[in-house]
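**Student:** Dropping in run-v9.cif, with mmCIF, C-alpha atoms.
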data_structure
#
loop_
_atom_site.label_atom_id
_atom_site.label_comp_id
_atom_site.auth_asym_id
_atom_site.auth_seq_id
_atom_site.Cartn_x
_atom_site.Cartn_y
_atom_site.Cartn_z
CA MET F 23 19.14 116.78 116.13
CA LYS F 24 18.94 113.63 114.06
CA LYS F 25 20.83 115.29 111.22
CA LEU F 26 23.60 116.40 113.55
CA SER F 27 23.91 112.89 115.00
CA ALA F 28 24.14 111.41 111.51
CA ARG F 29 26.96 113.71 110.56
CA ARG F 30 28.95 113.07 113.76
CA ARG F 31 32.04 110.96 112.92
CA HIS F 32 33.55 108.16 114.91
CA PRO F 33 36.40 109.44 117.14
CA MET F 34 38.87 106.98 115.49
CA ALA F 35 38.02 108.07 111.95
CA ALA F 36 40.68 110.81 111.81
CA LEU F 37 43.35 108.40 113.04
CA VAL F 38 42.38 105.82 110.41
CA VAL F 39 42.56 108.45 107.66
CA LEU F 40 46.00 109.57 108.88
CA LEU F 41 47.33 106.00 108.93
CA LEU F 42 45.98 105.36 105.43
CA ALA F 43 47.67 108.54 104.18
CA LEU F 44 51.00 107.53 105.71
CA ALA F 45 50.70 104.03 104.26
CA CYS F 46 49.98 105.42 100.81
CA THR F 47 52.90 107.84 101.05
CA GLY F 48 55.27 105.05 102.16
CA GLY F 49 53.99 102.80 99.43
CA LEU F 50 54.50 105.44 96.80
CA TYR F 51 58.04 106.11 98.06
CA ALA F 52 58.86 102.41 98.08
CA ALA F 53 57.45 102.05 94.60
CA PHE F 54 59.11 105.02 92.97
CA ALA F 55 62.22 106.10 94.94
CA PRO F 56 64.29 102.88 94.57
CA ALA F 57 63.25 102.59 90.95
CA SER F 58 64.46 106.14 90.29
CA LYS F 59 67.82 105.40 91.93
CA ALA F 60 68.21 102.15 89.98
CA GLN F 61 67.26 103.97 86.80
CA ALA F 62 69.89 106.64 87.50
CA ASP F 63 72.54 103.96 88.09
CA ASP F 64 71.59 102.21 84.86
CA THR F 65 71.78 105.49 82.97
CA ALA F 66 75.25 106.27 84.37
CA GLN F 67 76.44 102.77 83.48
CA SER F 68 75.06 103.09 79.96
CA LEU F 69 76.83 106.42 79.50
CA ALA F 70 80.11 104.89 80.73
CA ILE F 71 79.73 102.01 78.29
CA ASP F 72 79.00 104.39 75.40
CA GLU F 73 82.04 106.55 76.20
CA GLY F 74 84.17 103.44 76.64
CA LYS F 75 83.09 102.16 73.24
CA LYS F 76 84.22 105.42 71.64
CA LEU F 77 87.63 105.17 73.32
CA TYR F 78 87.88 101.54 72.30
CA SER F 79 87.11 102.30 68.66
CA VAL F 80 89.97 104.81 68.54
CA GLY F 81 92.67 103.07 70.57
CA CYS F 82 91.94 99.33 70.61
CA ALA F 83 89.75 98.18 67.73
CA SER F 84 92.57 98.02 65.17
CA CYS F 85 94.11 95.07 67.03
CA HIS F 86 91.24 93.54 69.01
CA GLY F 87 88.46 93.93 66.43
CA THR F 88 85.54 96.33 66.27
CA GLY F 89 83.50 94.22 68.68
CA GLY F 90 86.32 92.89 70.83
CA GLN F 91 86.24 89.55 69.01
CA GLY F 92 90.00 89.60 68.41
CA THR F 93 92.14 89.53 65.27
CA SER F 94 95.47 88.10 64.19
CA ASP F 95 97.10 91.10 65.90
CA GLY F 96 95.30 90.85 69.25
CA PRO F 97 93.31 88.33 71.31
CA SER F 98 89.58 88.41 71.95
CA LEU F 99 88.48 90.60 74.85
CA VAL F 100 85.11 88.96 75.32
CA GLY F 101 84.94 87.71 78.90
CA VAL F 102 88.28 89.11 80.11
CA GLY F 103 86.43 91.44 82.48
CA ALA F 104 86.99 94.94 83.80
CA ALA F 105 89.97 93.86 85.93
CA ALA F 106 92.02 92.92 82.87
CA VAL F 107 91.40 96.33 81.30
CA ASP F 108 92.25 98.18 84.51
CA PHE F 109 95.52 96.26 84.77
CA GLN F 110 96.65 96.41 81.15
CA VAL F 111 95.68 100.02 80.49
CA GLY F 112 96.40 101.22 84.03
CA THR F 113 100.01 100.02 83.81
CA GLY F 114 100.55 101.44 80.31
CA ARG F 115 100.97 98.03 78.69
CA MET F 116 97.98 98.77 76.49
CA PRO F 117 97.65 100.17 73.93
CA ALA F 118 100.80 98.33 72.82
CA GLN F 119 103.33 100.28 70.78
CA GLN F 120 104.56 97.29 68.79
CA PRO F 121 104.30 93.50 68.85
CA GLY F 122 106.98 91.50 70.62
CA ALA F 123 107.69 88.62 72.91
CA GLN F 124 106.20 90.61 75.78
CA VAL F 125 104.56 93.99 76.18
CA PRO F 126 106.47 96.02 78.81
CA LYS F 127 105.10 98.48 81.32
CA LYS F 128 105.22 102.09 80.12
CA LYS F 129 103.70 105.51 80.70
CA VAL F 130 99.91 105.50 81.10
CA ILE F 131 98.15 107.56 78.42
CA TYR F 132 94.56 107.37 79.69
CA SER F 133 93.08 108.99 82.79
CA GLN F 134 91.52 106.77 85.44
CA ALA F 135 88.06 107.96 84.38
CA GLN F 136 88.76 106.86 80.81
CA ILE F 137 90.15 103.54 82.02
CA ASP F 138 86.93 102.99 83.98
CA GLN F 139 84.89 103.72 80.85
CA LEU F 140 86.95 101.29 78.76
CA ALA F 141 86.57 98.68 81.51
CA ALA F 142 82.79 99.20 81.57
CA TYR F 143 82.57 98.65 77.81
CA ILE F 144 84.72 95.49 77.84
CA ALA F 145 82.76 94.15 80.82
CA SER F 146 79.56 94.60 78.80
CA LEU F 147 80.90 92.19 76.15
CA GLY F 148 80.96 89.24 78.56
CA ALA F 149 81.21 88.40 82.23
CA GLY F 150 84.70 88.44 83.73
CA PRO F 151 86.68 89.48 86.83
CA SER F 152 85.67 92.87 88.18
CA ILE F 153 88.00 95.60 89.47
CA PRO F 154 88.84 94.77 93.11
CA THR F 155 87.99 97.10 95.96
CA ALA F 156 90.52 98.52 98.43
CA ALA F 157 89.20 96.13 101.08
CA GLN F 158 90.19 93.15 98.91
CA TYR F 159 93.85 94.08 98.45
CA GLY F 160 94.41 96.26 101.53
CA PRO F 161 96.68 95.17 104.41
CA ASP F 162 93.94 94.88 107.04
CA GLY F 163 93.57 91.28 108.20
CA ALA F 164 96.46 89.99 106.04
CA ASP F 165 98.84 87.24 107.20
CA ILE F 166 102.34 88.17 105.98
CA ALA F 167 103.90 84.84 106.91
CA LYS F 168 101.18 82.93 105.05
CA GLY F 169 101.62 85.28 102.09
CA GLY F 170 105.36 84.52 101.98
CA GLU F 171 104.66 80.80 101.97
CA LEU F 172 102.11 81.15 99.16
CA PHE F 173 104.39 83.42 97.14
CA ARG F 174 107.38 81.07 97.38
CA THR F 175 105.16 78.15 96.34
CA ASN F 176 103.30 79.77 93.44
CA CYS F 177 105.25 82.82 92.25
CA ALA F 178 108.95 82.69 93.19
CA GLN F 179 109.87 80.39 90.28
CA CYS F 180 109.43 83.36 87.95
CA HIS F 181 109.40 86.51 90.07
CA ASN F 182 112.19 85.52 92.50
CA PHE F 183 111.47 84.90 96.16
CA THR F 184 111.24 88.63 96.97
CA GLY F 185 109.52 89.68 93.75
CA LYS F 186 112.58 91.20 92.06
CA GLY F 187 111.67 89.59 88.73
CA GLY F 188 113.57 87.22 86.48
CA ALA F 189 114.25 86.08 82.93
CA LEU F 190 112.08 83.56 81.09
CA THR F 191 112.49 81.83 77.74
CA HIS F 192 112.32 83.33 74.23
CA GLY F 193 112.80 86.94 75.30
CA LYS F 194 110.07 86.89 77.93
CA PHE F 195 110.52 87.94 81.53
CA ALA F 196 108.74 88.12 84.87
CA PRO F 197 108.68 91.81 85.83
CA SER F 198 109.77 93.16 89.18
CA LEU F 199 106.92 93.60 91.67
CA GLU F 200 108.70 96.30 93.63
CA GLY F 201 106.63 99.48 93.76
CA VAL F 202 103.69 97.98 91.85
CA ASP F 203 100.23 99.19 92.92
CA PRO F 204 98.60 96.50 95.15
CA LYS F 205 95.44 96.76 93.05
CA HIS F 206 97.38 95.84 89.92
CA ILE F 207 99.04 92.87 91.67
CA TYR F 208 95.61 91.61 92.68
CA GLU F 209 94.29 92.09 89.13
CA ALA F 210 97.29 90.26 87.68
CA MET F 211 96.57 87.27 89.91
CA GLN F 212 92.93 87.38 88.86
CA THR F 213 93.46 87.66 85.12
CA GLY F 214 96.86 86.11 84.36
CA PRO F 215 98.32 88.69 81.94
CA GLN F 216 100.67 87.58 79.16
CA ASN F 217 102.88 84.70 80.42
CA MET F 218 101.45 84.59 83.92
CA PRO F 219 98.89 81.91 84.92
CA SER F 220 95.63 83.15 86.42
CA PHE F 221 94.64 82.49 90.02
CA PRO F 222 90.85 82.95 90.29
CA ASP F 223 89.12 82.74 93.64
CA THR F 224 88.40 79.07 93.02
CA THR F 225 92.17 78.43 92.86
CA MET F 226 93.49 81.08 95.25
CA SER F 227 91.07 82.72 97.65
CA GLU F 228 90.64 86.46 98.11
CA GLN F 229 92.32 86.20 101.51
CA ASN F 230 95.32 84.38 100.02
CA LYS F 231 95.78 87.15 97.44
CA LYS F 232 95.63 89.73 100.22
CA ASP F 233 98.29 87.76 102.15
CA ILE F 234 100.64 87.67 99.14
CA ILE F 235 100.29 91.41 98.54
CA ALA F 236 101.05 92.09 102.22
CA TYR F 237 104.16 89.89 101.99
CA LEU F 238 105.45 91.74 98.93
CA HIS F 239 104.97 95.05 100.70
CA ALA F 240 106.84 93.70 103.73
CA VAL F 241 109.90 92.63 101.72
CA ASN F 242 109.91 95.55 99.26
CA GLY F 243 108.47 98.44 101.26
CA ASP F 244 110.24 101.72 101.95
CA ASP F 245 110.93 100.68 105.54
CA THR F 246 112.15 97.17 104.70
CA GLU F 247 115.48 96.23 106.27
CA SER F 248 117.84 93.47 105.17
CA PRO F 249 119.04 91.61 108.30
CA GLY F 250 121.70 89.84 106.26
CA GLY F 251 123.42 93.05 105.20
CA LEU F 252 124.18 93.41 101.48
CA GLU F 253 121.22 91.81 99.71
CA LEU F 254 122.81 91.79 96.21
CA GLY F 255 119.57 92.83 94.62
CA GLY F 256 117.63 90.08 96.36
CA LEU F 257 118.19 87.82 93.38
CA GLY F 258 118.97 84.70 95.39
CA PRO F 259 121.74 82.08 95.23
CA VAL F 260 122.80 82.78 91.63
CA SER F 261 123.94 86.33 92.31
CA GLU F 262 125.33 85.34 95.71
CA GLY F 263 127.34 82.48 94.16
CA LEU F 264 128.62 84.73 91.39
CA PHE F 265 129.68 87.30 93.99
CA ALA F 266 131.52 84.60 95.94
CA TRP F 267 133.36 83.31 92.85
CA ILE F 268 134.36 86.69 91.45
CA PHE F 269 135.23 88.58 94.62
CA GLY F 270 136.02 85.70 96.97
CA LEU F 271 138.21 83.75 94.54
CA GLY F 272 139.64 87.01 93.20
CA ALA F 273 140.66 88.04 96.70
CA LEU F 274 142.34 84.67 97.26
CA ILE F 275 144.30 85.02 94.01
CA ALA F 276 145.35 88.56 94.94
CA VAL F 277 146.59 87.35 98.35
CA ALA F 278 148.50 84.47 96.71
CA VAL F 279 150.17 86.83 94.27
CA TRP F 280 151.09 89.22 97.09
CA VAL F 281 152.59 86.37 99.18
CA ALA F 282 154.56 85.09 96.18
CA ALA F 283 155.90 88.56 95.45
CA ARG F 284 156.96 89.05 99.06
CA THR F 285 158.64 85.63 99.11
CA ALA F 286 160.57 86.38 95.92
CA LYS F 287 161.83 89.70 97.34
CA ALA F 288 162.87 87.99 100.57
CA LYS F 289 164.89 85.39 98.66
CA LYS F 290 166.68 88.04 96.56
CA SER F 291 167.66 90.02 99.59
#
Mind turning the file's structure into C-alpha cells?

**Tutor:**
Amino acid sequence: MKKLSARRRHPMAALVVLLLALACTGGLYAAFAPASKAQADDTAQSLAIDEGKKLYSVGCASCHGTGGQGTSDGPSLVGVGAAAVDFQVGTGRMPAQQPGAQVPKKKVIYSQAQIDQLAAYIASLGAGPSIPTAAQYGPDGADIAKGGELFRTNCAQCHNFTGKGGALTHGKFAPSLEGVDPKHIYEAMQTGPQNMPSFPDTTMSEQNKKDIIAYLHAVNGDDTESPGGLELGGLGPVSEGLFAWIFGLGALIAVAVWVAARTAKAKKS
C-alpha cells in the first residue's frame, strides 16, 4: 500500500506537463520559424543581387564602371537607389544608345523581373530611393486641386501647365507626361533624372506627389474634356497667340481684300 501511495501522482501533474510541452513547442516555433522565413528572404535577395550584377556587367558596366563608380561616359550609380534604375531602365532610356544632350525614351529591352534584379544590385551599392508601391502613387486619397497648384508652381515652367512638355536650352527638353506610368512619374520626382531637379520626401511629401499624379491624370486622361473647345495642344498662350496672329489676322486681311475687290468692281460698273 505504501508503494502504491508513493507512485500516485498529483492530479495537476498531467496539466503541468501539457503546459510545459506547449510552451516548449511555441518557443521552438518562435525561435526557428521567423528565422527560417528571414533566411529565405535574405537568400532570395542575394540571388536577385547576383543576377542583377550579371546583367549590369553586360549592359551597364562599360559606361558606369564595373562597380558602379562611374566613368567619363556615365555617372556613378552608388546611392541612386532602386527607383532610379526602375525609372531609367523601365522607360527604355537606359541602356543609352548614344551620348547626347538628353537620352530620350525608347523601347524597353529588359523584362520587369530583370529590371528588379538590376535595381536590387544597384541598391546594394548604397542607400537610395526605393521603388514606390501602388499605394504611394495611386489615386486613392489624392487632392486633384492641390496637385494642380503644386504642379503649376514646381513643374509647369518646363513641362507646360498640363504636362505636354516643352523645349529647354542646348538641345534639351522636358518630355510630355501624357500617358506616362504613374509609378515612373513618382520615381522621376524622387530621383530627378537628367535635367529635372529631385523632390525627395523632405522637399515634397508623399501625399503631394500623389496629388500631382492625380492632377496629371485628370488633365490628360482618356476621359478628359476641354471645356474651352479647341485646346491647341494644351501648349498655353504661345500657341494660342500664334493661332490668333496667323488665322485671326489672316482672316482680317482676306476680308479686306474681298471688300476692296468688290468696291473696285462696283466702281467699274

**Student:** Given all atoms listed in the file as the basis, pick out the residue of F:Ala83, F:Ile153, F:Ala283, F:Val125 nearest to Asn217 of chain F.

**Tutor:**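 Residue with the minimum atom-to-atom distance to Asn217 of chain F: F:Val125.
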
**Student:** Mind running segment 162-217 of chain F against segment 98-109 of chain F at 12 Å and telling me each contacting residue's nearest atom pair with the distance in Å (one decimal), counting only C-alpha atoms, chain and number ascending, as CSV?

**Tutor:**
residue,atom,partner,partner_atom,distance
F:Val202,CA,F:Phe109,CA,10.9
F:Asp203,CA,F:Phe109,CA,9.9
F:Pro204,CA,F:Phe109,CA,10.8
F:Lys205,CA,F:Phe109,CA,8.3
F:His206,CA,F:Phe109,CA,5.5
F:Ile207,CA,F:Phe109,CA,8.5
F:Tyr208,CA,F:Ala105,CA,9.1
F:Glu209,CA,F:Ala105,CA,5.7
F:Ala210,CA,F:Phe109,CA,6.9
F:Met211,CA,F:Ala106,CA,10.1
F:Gln212,CA,F:Ala105,CA,7.7
F:Thr213,CA,F:Ala106,CA,5.9
F:Gly214,CA,F:Ala106,CA,8.5
F:Pro215,CA,F:Ala106,CA,7.6
F:Gln216,CA,F:Ala106,CA,10.8

**Student:** Return the padded bounding box of segment 214-218 of chain F as AutoDock Vina command-line options: axis-aligned, built from all atoms listed in the file, 5 Å added on each side, with centre and edge lengths in Å to one decimal.

**Tutor:**
--center_x 99.9 --center_y 86.6 --center_z 81.8 --size_x 16.0 --size_y 14.1 --size_z 15.2

**Student:** Since I can't run it myself right now, could you work out what the PyMOL selection byres ((chain F and resi 127) around 6) selects here and report it as a JSON list (two decimals) with C-alpha atoms, in the coordinates of the input?

**Tutor:**
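So selection_35.json came out as:
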[["chain", "number", "residue", "atom", "x", "y", "z"],
["F", 113, "THR", "CA", 100.01, 100.02, 83.81],
["F", 114, "GLY", "CA", 100.55, 101.44, 80.31],
["F", 115, "ARG", "CA", 100.97, 98.03, 78.69],
["F", 126, "PRO", "CA", 106.47, 96.02, 78.81],
["F", 128, "LYS", "CA", 105.22, 102.09, 80.12]]

**Student:** Write out as a list in words each polymer residue whose atoms come within 9 Å of His239 of chain F, counting only C-alpha atoms; drop sequence neighbours fewer than 6 positions from it.

**Tutor:** Glu200, Gly201, Pro204 and Thr246 of chain F

**Student:** I need the output of the PyMOL selection byres ((chain F and resi 176-180) around 10) for this file as a ChimeraX atom specification; which residues are they?

**Tutor:** /F:170-175,181-190,195-198,218-219,221,234

**Student:** Identify which of the residues F:Ala66, F:Ile166, F:Ala142, F:Ile71 lies closest to Ala236 of chain F, counting all atoms listed in the file when measuring atom-to-atom distances.

**Tutor:**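 When distances to Ala236 of chain F are compared using all atoms listed in the file, the smallest one comes from F:Ile166.
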
**Student:** Could segment 182-197 of chain F be completed with N, CA and C atoms and written as a PDB file, keeping the file's coordinate frame, please?

**Tutor:**
ATOM      1  N   ASN F 182     111.185  85.524  91.444  1.00  0.00           N
ATOM      2  CA  ASN F 182     112.190  85.520  92.500  1.00  0.00           C
ATOM      3  C   ASN F 182     111.503  85.578  93.854  1.00  0.00           C
ATOM      4  N   PHE F 183     112.165  85.084  94.889  1.00  0.00           N
ATOM      5  CA  PHE F 183     111.470  84.900  96.160  1.00  0.00           C
ATOM      6  C   PHE F 183     111.133  86.201  96.880  1.00  0.00           C
ATOM      7  N   THR F 184     111.656  87.339  96.422  1.00  0.00           N
ATOM      8  CA  THR F 184     111.240  88.630  96.970  1.00  0.00           C
ATOM      9  C   THR F 184     110.571  89.508  95.917  1.00  0.00           C
ATOM     10  N   GLY F 185     110.225  88.934  94.774  1.00  0.00           N
ATOM     11  CA  GLY F 185     109.520  89.680  93.750  1.00  0.00           C
ATOM     12  C   GLY F 185     110.379  90.628  92.940  1.00  0.00           C
ATOM     13  N   LYS F 186     111.674  90.331  92.818  1.00  0.00           N
ATOM     14  CA  LYS F 186     112.580  91.200  92.060  1.00  0.00           C
ATOM     15  C   LYS F 186     112.498  90.948  90.554  1.00  0.00           C
ATOM     16  N   GLY F 187     111.791  89.902  90.149  1.00  0.00           N
ATOM     17  CA  GLY F 187     111.670  89.590  88.730  1.00  0.00           C
ATOM     18  C   GLY F 187     112.735  88.621  88.262  1.00  0.00           C
ATOM     19  N   GLY F 188     112.606  88.171  87.024  1.00  0.00           N
ATOM     20  CA  GLY F 188     113.570  87.220  86.480  1.00  0.00           C
ATOM     21  C   GLY F 188     113.342  86.966  85.015  1.00  0.00           C
ATOM     22  N   ALA F 189     114.330  86.363  84.366  1.00  0.00           N
ATOM     23  CA  ALA F 189     114.250  86.080  82.930  1.00  0.00           C
ATOM     24  C   ALA F 189     113.496  84.789  82.677  1.00  0.00           C
ATOM     25  N   LEU F 190     112.761  84.756  81.551  1.00  0.00           N
ATOM     26  CA  LEU F 190     112.080  83.560  81.090  1.00  0.00           C
ATOM     27  C   LEU F 190     112.626  83.202  79.711  1.00  0.00           C
ATOM     28  N   THR F 191     111.998  82.279  79.043  1.00  0.00           N
ATOM     29  CA  THR F 191     112.490  81.830  77.740  1.00  0.00           C
ATOM     30  C   THR F 191     111.997  82.720  76.600  1.00  0.00           C
ATOM     31  N   HIS F 192     112.721  82.677  75.475  1.00  0.00           N
ATOM     32  CA  HIS F 192     112.320  83.330  74.230  1.00  0.00           C
ATOM     33  C   HIS F 192     112.063  84.834  74.394  1.00  0.00           C
ATOM     34  N   GLY F 193     112.914  85.497  75.162  1.00  0.00           N
ATOM     35  CA  GLY F 193     112.800  86.940  75.300  1.00  0.00           C
ATOM     36  C   GLY F 193     111.750  87.418  76.275  1.00  0.00           C
ATOM     37  N   LYS F 194     111.101  86.506  76.953  1.00  0.00           N
ATOM     38  CA  LYS F 194     110.070  86.890  77.930  1.00  0.00           C
ATOM     39  C   LYS F 194     110.716  87.072  79.306  1.00  0.00           C
ATOM     40  N   PHE F 195     109.977  87.718  80.195  1.00  0.00           N
ATOM     41  CA  PHE F 195     110.520  87.940  81.530  1.00  0.00           C
ATOM     42  C   PHE F 195     109.371  88.135  82.527  1.00  0.00           C
ATOM     43  N   ALA F 196     109.678  87.835  83.775  1.00  0.00           N
ATOM     44  CA  ALA F 196     108.740  88.120  84.870  1.00  0.00           C
ATOM     45  C   ALA F 196     109.144  89.462  85.453  1.00  0.00           C
ATOM     46  N   PRO F 197     108.284  90.467  85.396  1.00  0.00           N
ATOM     47  CA  PRO F 197     108.680  91.810  85.830  1.00  0.00           C
ATOM     48  C   PRO F 197     108.862  91.897  87.343  1.00  0.00           C
TER      49      PRO F 197
END
